[in-house]
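**Q** Have a look at the structure that comes next, please.
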Amino acid sequence: MIRRSFIFVVMAGCLSVGMTSCGVRDRNGPELPGRYMLGKSDLLDKIKGGWVGQTIGVTYGAPTEFNYNSRIIPDSVEIPWPENGYGLYWWHHKKKTGLYDDVYMDLTFVDIYNRYGLDAPVDCFAMAFARADYHLFHANQAARYNILSGIMPPVSGHWQNNPHADCIDFQIESDFAGLMSPGMPVTSSEICDKIGHIMNYGDGWYGGVYISGMYSLAFLTDDIGFIVNEALKSIPEKSDFRRCIEDVIGWCGEYEDWKDTWQALETKWGNDLSCPKGFEEPFNIEAKMNAAYVVMGLLYGEGNFGRTIDIAARCGQDSDCNPASAGGILGTVTGYSRIPEKWMNNIREVEDLNFPFTEISLNEVYDMSLEHALELVERGGGTVGEEVVEILCQAPEPVRYEKSFEGMIPVLKKELNMFPGGEKFSFPFEGKGIVLTGQIRSGRSDTSDYVGKALVHIDGEFADTLYLPADFRKRKFDIYWNFSLEDAPHRLEMTLLNPDEGKPLELGTAVIYAARK
């Protein structure tokens, strides 16, 4: 059993907490201060550390992303980090244009705050996100299609309209909310409520609330165990997300080796029951599973930057975004000036370069986030002086309870691999819901105007008209879904009204849902 101890000292309204090993909070451990004083230059240093830590983490994990699903990246596999040139390499690497999605997605929202102020309506964020040039996947792409079709937040992220509502998407895009809410996790949760529901719901939303909450608390303490546990108070106790993370924290206290915790996690939580692609596959893009890897990196890393991001990456699955989250949180704890020099050379060479799909560089976002943070500190009852910032600290409060796919569970996945033309596609199934995966087959560079139109009937009754753009950026991520059926035998029939031989409709799989017993 790993022993933990906490040391905390309150001086001049400030909290300093030191952690000697990973794990749960001691019952006699530290409490949040009422107010926290921080030099303005120190606040900027922590904000910079958060953005740089995130960028280092995603770059470090770049060669491994989703190459190791439901398996650990073994120690025998070296994850490279050369002395220099590596940041520039990935910045310009044409095969990985989506690598920095967890940063440039953040920057989309930061830019809206910068242009329209902290009270910008959610539709501004939604439209900027939907109209951006970058390619999206899973919950993000489903939400983009919804928004471009007139289905606006928060229903754009609701599971009835988005089969990927519990996926990782907002979790990897929520860093900005914590970085602009120093010591104020309630404020970061409010930001997440507005923006996170653009693309997610339930556990998918909780991922962003939790990650941003850890960022927020990272301004107040260097105790990683305290940050991990305290931020979890923002998540409703009965949610699967919270139960999963609580398990991981407990296993960290039980097992010396992080790989034993990984195996316990995989055994209990490794089956993806929310993403149609991940169900019955090694692939897992659920928010809670990948957040668990972030927590493992933070707790077993014990404040060591390299070890933290290495563990988060070696857990596999989304192994660039997870070290990005862990690195960003730890970078906020340490500050930019204390990130080990080994990791900085490859970042300094790109600090003045705009991130892909943006007009914003790291050096620019540092100042943007500082401006937003100072304004939120004042709104939250704190004060901003010429050199010192006094934060009115907030104790985390549970956000409302949400549950995706209420009352149902996936039970069957059937490979279709069909290309129906003008003929009717007919598929019998028994269940309460169904998702048909697939797409109009076209390349990622396709920007054509062709939109497939199909009619869907369930049990002989009209169910929906589908519009399926060939344009990869505007595509419908899943062909069809229906979660409102009686738990009974059904027959789905679909007819493509305007087939195009050059852009065939490809049906991938059918995922069937039954009532949860």
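We name chains A, B, ... following the order of the structure tokens; residues begin at 1 in each chain, and ligands are numbered from 1 as shown.
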What are the nearest atom pairs, with distances in Å to one decimal, for all residues of segment 178-235 of chain A that come at most 12 Å from segment 112-123 of chain A, using only C-alpha atoms, set out by chain and rising residue number as JSON lines?
**A**
{"residue": "A:Met180", "atom": "CA", "partner": "A:Leu118", "partner_atom": "CA", "distance": 10.4}
{"residue": "A:Ser181", "atom": "CA", "partner": "A:Leu118", "partner_atom": "CA", "distance": 11.8}
{"residue": "A:Thr187", "atom": "CA", "partner": "A:Leu118", "partner_atom": "CA", "distance": 11.7}
{"residue": "A:Glu190", "atom": "CA", "partner": "A:Leu118", "partner_atom": "CA", "distance": 11.8}
{"residue": "A:Ile191", "atom": "CA", "partner": "A:Leu118", "partner_atom": "CA", "distance": 9.6}
{"residue": "A:Cys192", "atom": "CA", "partner": "A:Val122", "partner_atom": "CA", "distance": 10.9}
{"residue": "A:Asp193", "atom": "CA", "partner": "A:Val122", "partner_atom": "CA", "distance": 10.1}
{"residue": "A:Lys194", "atom": "CA", "partner": "A:Val122", "partner_atom": "CA", "distance": 6.3}
{"residue": "A:Ile195", "atom": "CA", "partner": "A:Val122", "partner_atom": "CA", "distance": 6.6}
{"residue": "A:Gly196", "atom": "CA", "partner": "A:Val122", "partner_atom": "CA", "distance": 10.0}
{"residue": "A:His197", "atom": "CA", "partner": "A:Val122", "partner_atom": "CA", "distance": 9.6}
{"residue": "A:Ile198", "atom": "CA", "partner": "A:Val122", "partner_atom": "CA", "distance": 8.2}
{"residue": "A:Met199", "atom": "CA", "partner": "A:Val122", "partner_atom": "CA", "distance": 11.9}
**Q** How would the residues just chosen look if you wrote them out with C-alpha atoms as a short mmCIF file (atom, residue, chain, number, x, y, z; two decimals), in the first residue's frame?
**A**
data_model
loop_
_atom_site.label_atom_id
_atom_site.label_comp_id
_atom_site.auth_asym_id
_atom_site.auth_seq_id
_atom_site.Cartn_x
_atom_site.Cartn_y
_atom_site.Cartn_z
CA MET A 180 -8.93 31.54 -17.67
CA SER A 181 -10.43 30.61 -14.27
CA THR A 187 -16.42 29.50 -12.99
CA GLU A 190 -19.98 27.43 -15.97
CA ILE A 191 -17.85 28.02 -19.06
CA CYS A 192 -17.91 24.29 -19.77
CA ASP A 193 -21.68 24.18 -19.40
CA LYS A 194 -22.07 26.68 -22.21
CA ILE A 195 -19.39 25.47 -24.60
CA GLY A 196 -19.13 21.78 -23.73
CA HIS A 197 -22.75 21.14 -24.64
CA ILE A 198 -22.07 22.26 -28.18
CA MET A 199 -20.67 18.77 -28.83
#
**Q** Using only C-alpha atoms, which protein or nucleic acid residues come within 9 Å of Glu286 of chain A? Drop anything in the same chain fewer than 4 positions from it, and give the result as a ChimeraX atom specification.
**A** /A:164,166-169,203-204,272-275,278,290-291
**Q** When you look at Thr334 of chain A with a cut-off of 7 Å (counting only C-alpha atoms), what residues show up, excluding the ones that are within fewer than 5 positions of it in the same chain? I need them as a PyMOL selection string.
**A** chain A and resi 46+49+339
**Q** Those same residues - N, CA and C atoms - I'd like them written as a compact mmCIF listing (two decimals), in the first residue's frame.
**A**
# COMPACT_ATOMS: atom_id res chain seq x y z
N LYS A 46 2.21 30.70 -15.01
CA LYS A 46 1.41 29.48 -14.91
C LYS A 46 0.52 29.29 -16.14
N GLY A 49 2.73 28.06 -18.75
CA GLY A 49 3.07 26.67 -18.48
C GLY A 49 1.97 25.72 -18.89
N ILE A 339 9.40 24.34 -16.24
CA ILE A 339 9.35 23.14 -17.08
C ILE A 339 10.80 22.79 -17.45
**Q** Taking 3 positions as the minimum chain separation for residues in the same chain, which residues sit within 7 Å of Asn69 of chain A when counting only C-alpha atoms? Answer as a list in words.
**A** Phe66, Pro282, Phe283, Gly316 and Gln317 of chain A
**Q** Just the selected residues (C-alpha atoms), exported as a compact mmCIF listing (two decimals), in the first residue's frame, please.
**A**
# COMPACT_ATOMS: atom_id res chain seq x y z
CA PHE A 66 -4.49 5.24 -31.48
CA PRO A 282 -10.16 -2.47 -28.91
CA PHE A 283 -10.59 1.21 -29.84
CA GLY A 316 -2.49 3.94 -25.17
CA GLN A 317 -5.72 4.91 -26.98
**Q** Which residue gives the smallest distance to Glu280 of chain A among A:Glu302, A:Ile512, A:Pro340, A:Trp159, with only C-alpha atoms counted?
**A** A:Ile512
**Q** Would you mind telling me which residue in A:Ile227, A:Leu496, A:Ile440, A:Ile391 lies nearest to Val456 of chain A when using only C-alpha atoms?
**A**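 Checking each candidate against Val456 of chain A, we get A:Leu496 as the closest.
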**Q** Using DSSP on the backbone coordinates, identify the residues of segment 165-235 of chain A assigned to alpha helix (DSSP H); present them as a ChimeraX atom specification.
**A** /A:175-179,185-196,203-217,224-231
**Q** Of the residues A:Ala264, A:Val451, A:Ile360, A:Ala287, which is the one nearest to Asp500 of chain A, using only C-alpha atoms?
**A**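 Using only C-alpha atoms, the shortest distance to Asp500 of chain A belongs to A:Val451.
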**Q** Near segment 216-222 of chain A, counting only C-alpha atoms, which residues have an atom at most 10 Å away, once you skip same-chain residues fewer than 4 positions from it, shown as JSON, numbers by chain?
**A** {"A": [8, 14, 15, 16, 17, 18, 19, 30, 32, 33, 35, 36, 37, 38, 42, 43, 46, 47, 50, 175, 176, 177, 178, 179, 180, 181, 182, 183, 184, 185, 186, 187, 188, 189, 210, 211, 212, 226, 227, 228, 230, 231, 303, 328, 329, 330, 331, 332, 333, 334, 335, 391, 393, 394, 395, 396]}
**Q** Residues near Asp318 of chain A, anyone? I mean within 9 Å using only C-alpha atoms, not counting same-chain ones fewer than 2 positions away, as a PDB file with N, CA and C atoms, in the first residue's frame.
**A**
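Saved file around12.pdb follows:
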ATOM      1  N   GLY A  61       3.222  12.620 -27.819  1.00  0.00           N
ATOM      2  CA  GLY A  61       2.415  11.453 -28.131  1.00  0.00           C
ATOM      3  C   GLY A  61       2.080  11.280 -29.593  1.00  0.00           C
ATOM      4  N   THR A  64       2.199   7.987 -31.655  1.00  0.00           N
ATOM      5  CA  THR A  64       1.566   6.802 -31.069  1.00  0.00           C
ATOM      6  C   THR A  64       0.046   6.831 -31.109  1.00  0.00           C
ATOM      7  N   GLU A  65      -0.546   7.940 -31.498  1.00  0.00           N
ATOM      8  CA  GLU A  65      -1.995   8.143 -31.355  1.00  0.00           C
ATOM      9  C   GLU A  65      -2.802   6.995 -31.964  1.00  0.00           C
ATOM     10  N   PHE A  66      -3.603   6.348 -31.116  1.00  0.00           N
ATOM     11  CA  PHE A  66      -4.491   5.243 -31.484  1.00  0.00           C
ATOM     12  C   PHE A  66      -3.767   4.095 -32.210  1.00  0.00           C
ATOM     13  N   ASN A  67      -2.471   3.993 -32.019  1.00  0.00           N
ATOM     14  CA  ASN A  67      -1.734   2.830 -32.521  1.00  0.00           C
ATOM     15  C   ASN A  67      -1.712   1.697 -31.500  1.00  0.00           C
ATOM     16  N   TYR A  68      -2.028   2.021 -30.250  1.00  0.00           N
ATOM     17  CA  TYR A  68      -2.027   1.035 -29.174  1.00  0.00           C
ATOM     18  C   TYR A  68      -3.376   1.107 -28.470  1.00  0.00           C
ATOM     19  N   ASN A  69      -4.302   0.294 -28.929  1.00  0.00           N
ATOM     20  CA  ASN A  69      -5.653   0.304 -28.388  1.00  0.00           C
ATOM     21  C   ASN A  69      -5.868  -0.908 -27.494  1.00  0.00           C
ATOM     22  N   ILE A 168     -14.510  11.716 -26.185  1.00  0.00           N
ATOM     23  CA  ILE A 168     -13.491  12.540 -25.543  1.00  0.00           C
ATOM     24  C   ILE A 168     -13.486  14.003 -25.989  1.00  0.00           C
ATOM     25  N   ASN A 284     -11.041   2.726 -27.979  1.00  0.00           N
ATOM     26  CA  ASN A 284     -11.876   3.337 -26.936  1.00  0.00           C
ATOM     27  C   ASN A 284     -11.599   4.829 -26.884  1.00  0.00           C
ATOM     28  N   ILE A 285     -12.618   5.598 -27.240  1.00  0.00           N
ATOM     29  CA  ILE A 285     -12.481   7.059 -27.245  1.00  0.00           C
ATOM     30  C   ILE A 285     -13.433   7.699 -26.246  1.00  0.00           C
ATOM     31  N   ASN A 290     -10.219   7.745 -21.113  1.00  0.00           N
ATOM     32  CA  ASN A 290      -9.023   8.533 -21.416  1.00  0.00           C
ATOM     33  C   ASN A 290      -8.697   9.525 -20.308  1.00  0.00           C
ATOM     34  N   ALA A 313       0.882   8.789 -22.018  1.00  0.00           N
ATOM     35  CA  ALA A 313       0.963   8.336 -23.404  1.00  0.00           C
ATOM     36  C   ALA A 313       0.994   6.808 -23.484  1.00  0.00           C
ATOM     37  N   CYS A 315      -0.295   4.607 -21.718  1.00  0.00           N
ATOM     38  CA  CYS A 315      -1.575   3.948 -21.452  1.00  0.00           C
ATOM     39  C   CYS A 315      -2.306   3.624 -22.757  1.00  0.00           C
ATOM     40  N   GLY A 316      -1.915   4.251 -23.867  1.00  0.00           N
ATOM     41  CA  GLY A 316      -2.485   3.940 -25.169  1.00  0.00           C
ATOM     42  C   GLY A 316      -3.720   4.751 -25.493  1.00  0.00           C
ATOM     43  N   ASP A 320      -1.957  10.989 -27.712  1.00  0.00           N
ATOM     44  CA  ASP A 320      -1.389  12.328 -27.822  1.00  0.00           C
ATOM     45  C   ASP A 320      -2.197  13.307 -26.978  1.00  0.00           C
ATOM     46  N   CYS A 321      -3.519  13.173 -26.999  1.00  0.00           N
ATOM     47  CA  CYS A 321      -4.365  14.096 -26.241  1.00  0.00           C
ATOM     48  C   CYS A 321      -4.243  13.890 -24.729  1.00  0.00           C
ATOM     49  N   ASN A 322      -4.063  12.640 -24.294  1.00  0.00           N
ATOM     50  CA  ASN A 322      -3.972  12.382 -22.856  1.00  0.00           C
ATOM     51  C   ASN A 322      -2.698  12.953 -22.237  1.00  0.00           C
ATOM     52  N   PRO A 323      -1.524  12.776 -22.838  1.00  0.00           N
ATOM     53  CA  PRO A 323      -0.359  13.476 -22.291  1.00  0.00           C
ATOM     54  C   PRO A 323      -0.457  14.993 -22.448  1.00  0.00           C
TER      55      PRO A 323
END
**Q** Just list as a PyMOL selection string whatever in segment 197-429 of chain A DSSP marks as strand (DSSP E).
**A** chain A and resi 383-384+388-392+408-418+424-429
**Q** For each of A:Pro420, A:Ile147, A:Gly202, A:Glu78, take the minimum atom-to-atom distance to Ser239 of chain A, counting only C-alpha atoms, then give the residue where this is smallest.
**A**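 The answer is A:Gly202, which sits nearest to Ser239 of chain A.
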**Q** Which residues come within 12 Å of segment 446-448 of chain A, counting only C-alpha atoms, excluding same-chain residues fewer than 5 positions away, as a list in words?
**A**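 Non-adjacent residues within range: Asp133, His135, Ile440, Arg441, Leu468, Pro469, Ala470, Asp471, Phe472, Arg473, Lys474, Arg475, Gly502 and Lys503 of chain A.
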**Q** Output the selection as a PDB file, in the first residue's frame - N, CA and C atoms for each residue.
**A**
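File written: result-v6.pdb
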ATOM      1  N   ASP A 133     -12.173  25.551 -40.842  1.00  0.00           N
ATOM      2  CA  ASP A 133     -11.671  24.725 -41.939  1.00  0.00           C
ATOM      3  C   ASP A 133     -11.135  23.375 -41.497  1.00  0.00           C
ATOM      4  N   HIS A 135     -10.716  19.579 -40.026  1.00  0.00           N
ATOM      5  CA  HIS A 135     -11.514  18.360 -40.059  1.00  0.00           C
ATOM      6  C   HIS A 135     -11.826  17.912 -38.636  1.00  0.00           C
ATOM      7  N   ILE A 440     -20.719   8.889 -47.360  1.00  0.00           N
ATOM      8  CA  ILE A 440     -20.518   8.995 -48.798  1.00  0.00           C
ATOM      9  C   ILE A 440     -19.018   8.879 -49.032  1.00  0.00           C
ATOM     10  N   ARG A 441     -18.600   7.867 -49.791  1.00  0.00           N
ATOM     11  CA  ARG A 441     -17.166   7.632 -49.959  1.00  0.00           C
ATOM     12  C   ARG A 441     -16.560   8.721 -50.826  1.00  0.00           C
ATOM     13  N   LEU A 468     -26.689  13.717 -46.974  1.00  0.00           N
ATOM     14  CA  LEU A 468     -25.357  13.162 -46.752  1.00  0.00           C
ATOM     15  C   LEU A 468     -24.339  13.851 -47.652  1.00  0.00           C
ATOM     16  N   PRO A 469     -23.727  14.940 -47.179  1.00  0.00           N
ATOM     17  CA  PRO A 469     -22.747  15.665 -48.000  1.00  0.00           C
ATOM     18  C   PRO A 469     -21.505  14.842 -48.301  1.00  0.00           C
ATOM     19  N   ALA A 470     -21.007  14.955 -49.523  1.00  0.00           N
ATOM     20  CA  ALA A 470     -19.722  14.346 -49.874  1.00  0.00           C
ATOM     21  C   ALA A 470     -18.559  15.166 -49.320  1.00  0.00           C
ATOM     22  N   ASP A 471     -18.752  16.456 -49.177  1.00  0.00           N
ATOM     23  CA  ASP A 471     -17.734  17.335 -48.616  1.00  0.00           C
ATOM     24  C   ASP A 471     -17.315  16.787 -47.249  1.00  0.00           C
ATOM     25  N   PHE A 472     -16.036  16.410 -47.135  1.00  0.00           N
ATOM     26  CA  PHE A 472     -15.568  15.741 -45.917  1.00  0.00           C
ATOM     27  C   PHE A 472     -15.775  16.606 -44.684  1.00  0.00           C
ATOM     28  N   ARG A 473     -15.581  17.898 -44.818  1.00  0.00           N
ATOM     29  CA  ARG A 473     -15.718  18.796 -43.676  1.00  0.00           C
ATOM     30  C   ARG A 473     -17.171  18.893 -43.209  1.00  0.00           C
ATOM     31  N   LYS A 474     -18.117  18.722 -44.122  1.00  0.00           N
ATOM     32  CA  LYS A 474     -19.533  18.884 -43.778  1.00  0.00           C
ATOM     33  C   LYS A 474     -20.259  17.554 -43.614  1.00  0.00           C
ATOM     34  N   ARG A 475     -19.529  16.440 -43.719  1.00  0.00           N
ATOM     35  CA  ARG A 475     -20.170  15.137 -43.765  1.00  0.00           C
ATOM     36  C   ARG A 475     -20.966  14.826 -42.498  1.00  0.00           C
ATOM     37  N   GLY A 502     -19.583   7.967 -58.757  1.00  0.00           N
ATOM     38  CA  GLY A 502     -18.270   8.414 -58.299  1.00  0.00           C
ATOM     39  C   GLY A 502     -18.204   8.672 -56.811  1.00  0.00           C
ATOM     40  N   LYS A 503     -19.368   8.742 -56.147  1.00  0.00           N
ATOM     41  CA  LYS A 503     -19.400   9.019 -54.710  1.00  0.00           C
ATOM     42  C   LYS A 503     -20.430   8.077 -54.065  1.00  0.00           C
TER      43      LYS A 503
END
**Q** What gap, in Å, lies between atom CA of Trp91 of chain A and atom CA of Ala324 of chain A?
**A**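 Atom CA of Ala324 of chain A lies 15.5 Å from atom CA of Trp91 of chain A.
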